[in-house]
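What follows is upload_20.csv (CSV, C-alpha atoms).
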```csv
chain,number,residue,atom,x,y,z
G,67,MET,CA,28.5,35.8,-39.1
G,68,LYS,CA,30.5,36.4,-42.3
G,69,LEU,CA,28.7,35.4,-45.5
G,70,PRO,CA,30.6,33.4,-48.1
G,71,LEU,CA,31.7,35.7,-51.0
G,72,GLU,CA,29.8,33.8,-53.7
G,73,ALA,CA,26.6,34.0,-51.7
G,74,SER,CA,26.8,37.6,-50.7
G,75,LEU,CA,28.5,39.2,-53.8
G,76,PRO,CA,25.3,40.2,-55.6
G,77,TYR,CA,24.0,41.8,-52.4
G,78,ARG,CA,27.3,43.5,-51.8
G,79,LEU,CA,27.1,45.1,-55.2
G,80,LEU,CA,23.4,46.1,-54.6
G,81,ALA,CA,24.3,47.7,-51.3
G,82,LEU,CA,27.1,49.6,-52.9
G,83,LEU,CA,24.6,50.8,-55.6
G,84,ILE,CA,22.3,52.1,-52.8
G,85,LEU,CA,25.2,54.1,-51.3
G,86,ALA,CA,26.5,55.3,-54.7
G,87,ALA,CA,23.1,56.5,-55.8
G,88,PHE,CA,22.4,58.3,-52.5
G,89,TYR,CA,25.7,60.1,-52.2
G,90,GLY,CA,25.8,60.8,-55.9
G,91,VAL,CA,22.6,62.8,-55.5
G,92,TYR,CA,23.9,64.5,-52.4
G,93,LEU,CA,27.2,65.5,-54.0
G,94,ALA,CA,25.7,66.5,-57.4
G,95,LYS,CA,23.2,68.8,-55.7
G,96,GLN,CA,26.0,70.3,-53.6
G,97,TRP,CA,28.2,70.8,-56.7
G,98,ARG,CA,25.3,72.4,-58.7
G,99,GLN,CA,24.5,74.8,-55.8
G,100,LYS,CA,28.2,75.7,-55.4
G,101,ARG,CA,28.3,76.7,-59.1
G,102,ARG,CA,25.3,79.0,-58.4
G,103,GLY,CA,27.1,80.6,-55.5
G,104,ILE,CA,25.1,78.8,-52.8
G,105,GLN,CA,26.8,77.4,-49.7
G,106,THR,CA,25.0,74.1,-49.2
G,107,MET,CA,26.9,73.0,-46.1
G,108,GLN,CA,25.7,75.0,-43.2
G,109,ILE,CA,26.4,72.6,-40.4
G,110,GLY,CA,27.8,74.4,-37.4
G,111,ARG,CA,28.4,77.6,-39.3
G,112,GLY,CA,28.2,80.7,-37.1
G,113,LYS,CA,26.2,78.9,-34.4
G,114,GLY,CA,26.6,78.2,-30.8
G,115,GLY,CA,25.1,76.3,-27.9
G,116,GLN,CA,22.8,73.4,-28.4
G,117,THR,CA,22.4,74.0,-32.2
G,118,ARG,CA,26.1,73.7,-32.7
G,119,ARG,CA,26.4,70.6,-30.6
G,120,VAL,CA,23.5,68.8,-32.3
G,121,GLU,CA,24.8,69.6,-35.7
G,122,ALA,CA,28.3,68.6,-34.8
G,123,LEU,CA,27.0,65.2,-33.5
G,124,MET,CA,24.8,64.8,-36.5
G,125,GLY,CA,27.8,65.4,-38.8
G,126,ILE,CA,29.9,62.8,-36.9
G,127,ALA,CA,27.0,60.3,-37.2
G,128,THR,CA,26.3,60.8,-40.9
G,129,VAL,CA,30.0,60.7,-41.8
G,130,GLY,CA,30.9,57.9,-39.4
G,131,ILE,CA,28.2,55.6,-40.6
G,132,VAL,CA,29.7,55.4,-44.1
G,133,PRO,CA,32.9,53.5,-43.2
G,134,ALA,CA,30.8,51.3,-40.9
G,135,GLN,CA,28.5,50.5,-43.8
G,136,LEU,CA,31.4,49.9,-46.2
G,137,LEU,CA,33.2,47.6,-43.8
G,138,SER,CA,30.1,45.6,-43.3
G,139,ILE,CA,29.5,45.3,-47.0
G,140,GLY,CA,33.2,44.5,-47.7
G,141,PHE,CA,33.5,41.8,-45.2
G,142,GLY,CA,29.9,40.5,-45.6
G,143,TRP,CA,29.0,40.8,-42.0
G,144,SER,CA,25.3,39.9,-41.5
G,145,HIS,CA,23.4,38.3,-38.7
G,146,LEU,CA,19.9,38.4,-40.3
G,147,PRO,CA,18.3,35.7,-42.5
G,148,ALA,CA,19.2,35.8,-46.2
G,149,GLY,CA,15.6,36.8,-47.0
G,150,THR,CA,16.0,40.2,-45.4
G,151,ARG,CA,18.7,41.2,-47.9
G,152,PHE,CA,16.3,41.8,-50.8
G,153,THR,CA,13.9,43.6,-48.5
G,154,GLY,CA,16.8,45.8,-47.4
G,155,PHE,CA,17.7,46.6,-51.0
G,156,CYS,CA,14.1,47.7,-51.7
G,157,VAL,CA,14.0,49.8,-48.6
G,158,GLY,CA,17.3,51.4,-49.4
G,159,MET,CA,16.4,52.2,-53.0
G,160,ILE,CA,13.1,53.7,-51.8
G,161,GLY,CA,15.1,55.9,-49.5
G,162,ASP,CA,17.3,57.0,-52.4
G,163,LEU,CA,14.3,57.8,-54.5
G,164,ILE,CA,12.6,59.9,-51.7
G,165,PHE,CA,15.9,61.7,-51.1
G,166,LEU,CA,16.2,62.5,-54.9
G,167,ILE,CA,12.7,63.8,-55.1
G,168,SER,CA,13.1,65.9,-52.0
G,169,VAL,CA,16.2,67.7,-53.1
G,170,LEU,CA,14.7,68.3,-56.5
G,171,CYS,CA,11.5,69.8,-55.0
G,172,MET,CA,13.6,71.9,-52.5
G,173,LYS,CA,15.4,73.5,-55.5
G,174,ASP,CA,17.9,76.2,-54.3
G,175,SER,CA,16.4,76.3,-50.7
G,176,TRP,CA,18.1,73.0,-49.9
G,177,ARG,CA,20.7,73.2,-47.1
G,178,ALA,CA,22.6,70.8,-45.0
G,179,GLY,CA,22.1,72.3,-41.5
G,180,ILE,CA,20.2,75.3,-40.4
G,181,PRO,CA,21.0,78.3,-42.7
G,182,GLY,CA,22.6,81.3,-41.0
G,183,LYS,CA,22.2,84.4,-43.1
G,184,ASP,CA,20.8,82.7,-46.2
G,185,LYS,CA,17.2,83.5,-47.1
G,186,THR,CA,15.4,80.3,-48.2
G,187,ALA,CA,11.8,79.7,-49.2
G,188,LEU,CA,9.4,77.5,-47.3
G,189,VAL,CA,8.7,74.6,-49.6
G,190,THR,CA,5.4,72.9,-49.2
G,191,ASP,CA,4.6,71.5,-52.6
G,192,GLY,CA,5.6,68.3,-54.4
G,193,ILE,CA,6.8,65.6,-51.9
G,194,TYR,CA,6.6,68.2,-49.1
G,195,ARG,CA,2.8,67.9,-49.3
G,196,TYR,CA,3.2,64.5,-47.7
G,197,SER,CA,6.2,64.8,-45.5
G,198,ARG,CA,7.8,67.8,-43.8
G,199,ASN,CA,11.2,66.1,-43.8
G,200,PRO,CA,11.4,63.8,-46.8
G,201,ALA,CA,15.2,64.2,-47.1
G,202,PHE,CA,15.7,63.0,-43.6
G,203,LEU,CA,13.2,60.2,-44.3
G,204,GLY,CA,15.4,59.3,-47.3
G,205,PHE,CA,18.5,59.2,-45.1
G,206,ASP,CA,16.7,56.9,-42.5
G,207,LEU,CA,15.5,54.5,-45.2
G,208,GLN,CA,18.9,54.3,-46.8
G,209,TYR,CA,20.5,53.5,-43.5
G,210,LEU,CA,17.9,50.9,-42.6
G,211,GLY,CA,18.1,49.3,-46.0
G,212,VAL,CA,21.8,48.7,-45.7
G,213,LEU,CA,21.4,47.5,-42.1
G,214,PHE,CA,18.8,44.9,-43.3
G,215,MET,CA,21.3,43.7,-45.9
G,216,PHE,CA,24.3,43.6,-43.7
G,217,CYS,CA,23.2,43.7,-40.1
G,218,ASN,CA,25.8,43.6,-37.4
G,219,LEU,CA,26.6,45.4,-34.1
G,220,LEU,CA,28.9,48.0,-35.7
G,221,THR,CA,26.4,49.1,-38.4
G,222,GLY,CA,23.5,48.8,-36.0
G,223,MET,CA,25.1,51.2,-33.5
G,224,PHE,CA,26.0,53.7,-36.2
G,225,THR,CA,22.5,53.5,-37.7
G,226,ALA,CA,20.7,54.1,-34.4
G,227,PHE,CA,23.1,57.0,-33.6
G,228,ALA,CA,22.5,58.6,-37.0
G,229,ILE,CA,18.7,58.2,-36.9
G,230,VAL,CA,18.6,59.7,-33.4
G,231,MET,CA,20.8,62.7,-34.4
G,232,LEU,CA,18.8,63.3,-37.5
G,233,HIS,CA,15.6,63.4,-35.5
G,234,LEU,CA,17.2,65.9,-33.0
G,235,GLN,CA,18.2,68.0,-36.0
G,236,ILE,CA,14.6,67.9,-37.3
G,237,LEU,CA,13.4,69.3,-34.0
G,238,GLN,CA,15.9,72.1,-34.2
G,239,GLU,CA,14.9,72.9,-37.7
G,240,GLU,CA,11.3,73.0,-36.7
G,241,ARG,CA,12.0,75.7,-34.2
G,242,HIS,CA,14.0,77.7,-36.8
G,243,LEU,CA,11.3,77.4,-39.4
G,244,SER,CA,8.6,78.4,-36.9
G,245,ALA,CA,10.6,81.5,-36.0
G,246,ALA,CA,11.5,82.3,-39.7
G,247,PHE,CA,8.0,81.7,-41.3
G,248,GLY,CA,5.6,82.1,-38.3
G,249,ALA,CA,2.0,81.3,-38.9
G,250,GLU,CA,2.6,80.0,-42.5
G,251,TYR,CA,4.9,77.3,-41.2
G,252,ARG,CA,2.7,76.5,-38.2
G,253,ALA,CA,-0.3,76.0,-40.5
G,254,TYR,CA,1.8,73.7,-42.7
G,255,ARG,CA,3.0,71.8,-39.6
G,256,ARG,CA,-0.6,71.2,-38.6
G,257,GLN,CA,-1.5,69.8,-42.0
G,258,VAL,CA,1.5,67.6,-42.9
G,259,LEU,CA,3.1,65.1,-40.6
G,260,ARG,CA,6.8,65.2,-39.6
G,261,TYR,CA,7.9,62.1,-41.5
G,262,LEU,CA,5.0,60.8,-43.7
G,263,GLY,CA,1.3,61.6,-44.1
G,264,ARG,CA,-1.3,64.4,-44.0
G,265,ARG,CA,-3.9,65.2,-41.4
G,266,LYS,CA,-7.5,65.3,-42.6
G,267,SER,CA,-8.8,68.8,-43.1
G,268,ILE,CA,-11.3,69.8,-40.5
```
What is this file in structure tokens?
Amino acid sequence: MKLPLEASLPYRLLALLILAAFYGVYLAKQWRQKRRGIQTMQIGRGKGGQTRRVEALMGIATVGIVPAQLLSIGFGWSHLPAGTRFTGFCVGMIGDLIFLISVLCMKDSWRAGIPGKDKTALVTDGIYRYSRNPAFLGFDLQYLGVLFMFCNLLTGMFTAFAIVMLHLQILQEERHLSAAFGAEYRAYRRQVLRYLGRRKSI
């Protein structure tokens, strides 16, 4: 159903705030790294086979979801009760905050996609003490937050597609990190959960 403009306008503005904050962090980090001579965007660069396919689909998913979200916000398409919109705003802003903290903690090792020839550090401190993939968690929460605010078939399909593709990218990155950092990464993986949480030390 389409919400009346006067009823949905505050939540449309809040949803746009979620998107502006999230992509503002993303673009600012990319711009800062570019000034330092770092190529942030590594999706599909010099890769073949399954890695290239997964990264290409992930790129389509993460770019394609933006117009779907904006259309849903612009037209006020929502099929969930009004009470879910504030919950969605809170979830989306938590996602933004987690994403911001994750890129700050990653410093110059942050890349979009698996780095080819770049040498990056294994970051295990800060928020990475509690999540091996906080940036991806931030993406997921931002997507879900906007979905809770403006839930419809279009945004729902793109949200599901994006979350699945981000998860497949995580699995690829885990294989890359295991090969690149060996025992150090495997010990870290045993201690910290993929999305959120730590295992108790034995």
Give as a PyMOL selection string each residue that has an atom at most 12 Å from (2.8, 70.6, -45.1) in the file, counting only C-alpha atoms. chain G and resi 188-200+250-267
Write out as a PyMOL selection string which residues come within 12 Å of Leu79 (chain G) when counting all atoms listed in the file, dropping same-chain ones fewer than 2 positions away. chain G and resi 71-77+81-86+136+139-140+142+151+155+212+215-216
re CA of Glu240 (chain G) and CA of Phe227 (chain G): distance 20.1 Å
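Nearest residue to Arg118 (chain G), choosing from G:Gln208, G:Thr225, G:Gln235, G:Ser138 and counting only C-alpha atoms: G:Gln235.
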Point (18.3, 75.9, -43.6), cut-off 10 Å, counting only C-alpha atoms, residues as an MDAnalysis selection string: chainID G and resid 106:109 175:188 239 242:243
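Distance-wise, CA of Ser168 (chain G) and CA of Ala201 (chain G) end up 5.6 Å apart.
CA of Phe88 (chain G) to CA of Gln105 (chain G) spans 19.8 Å [interatomic distance, one decimal].
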Once you add 6 Å to each side, what are the centre and edge lengths of the axis-aligned box holding all listed atoms of region 146-156 of chain G? One decimal in Å, as lines of an AutoDock Vina configuration file, if you can.
```
center_x = 16.9
center_y = 41.7
center_z = -46.0
size_x = 18.0
size_y = 24.0
size_z = 23.4
```
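Counting only C-alpha atoms, the residue from G:Gly161, G:Gly90, G:Gly154, G:Gly222 that sits nearest to Ala134 (chain G) is G:Gly222.
For the residues G:Thr128, G:Gln238, G:Ser244, G:Thr150, ranking by smallest atom-to-atom distance to Tyr89 (chain G) using only C-alpha atoms places G:Thr128 first.
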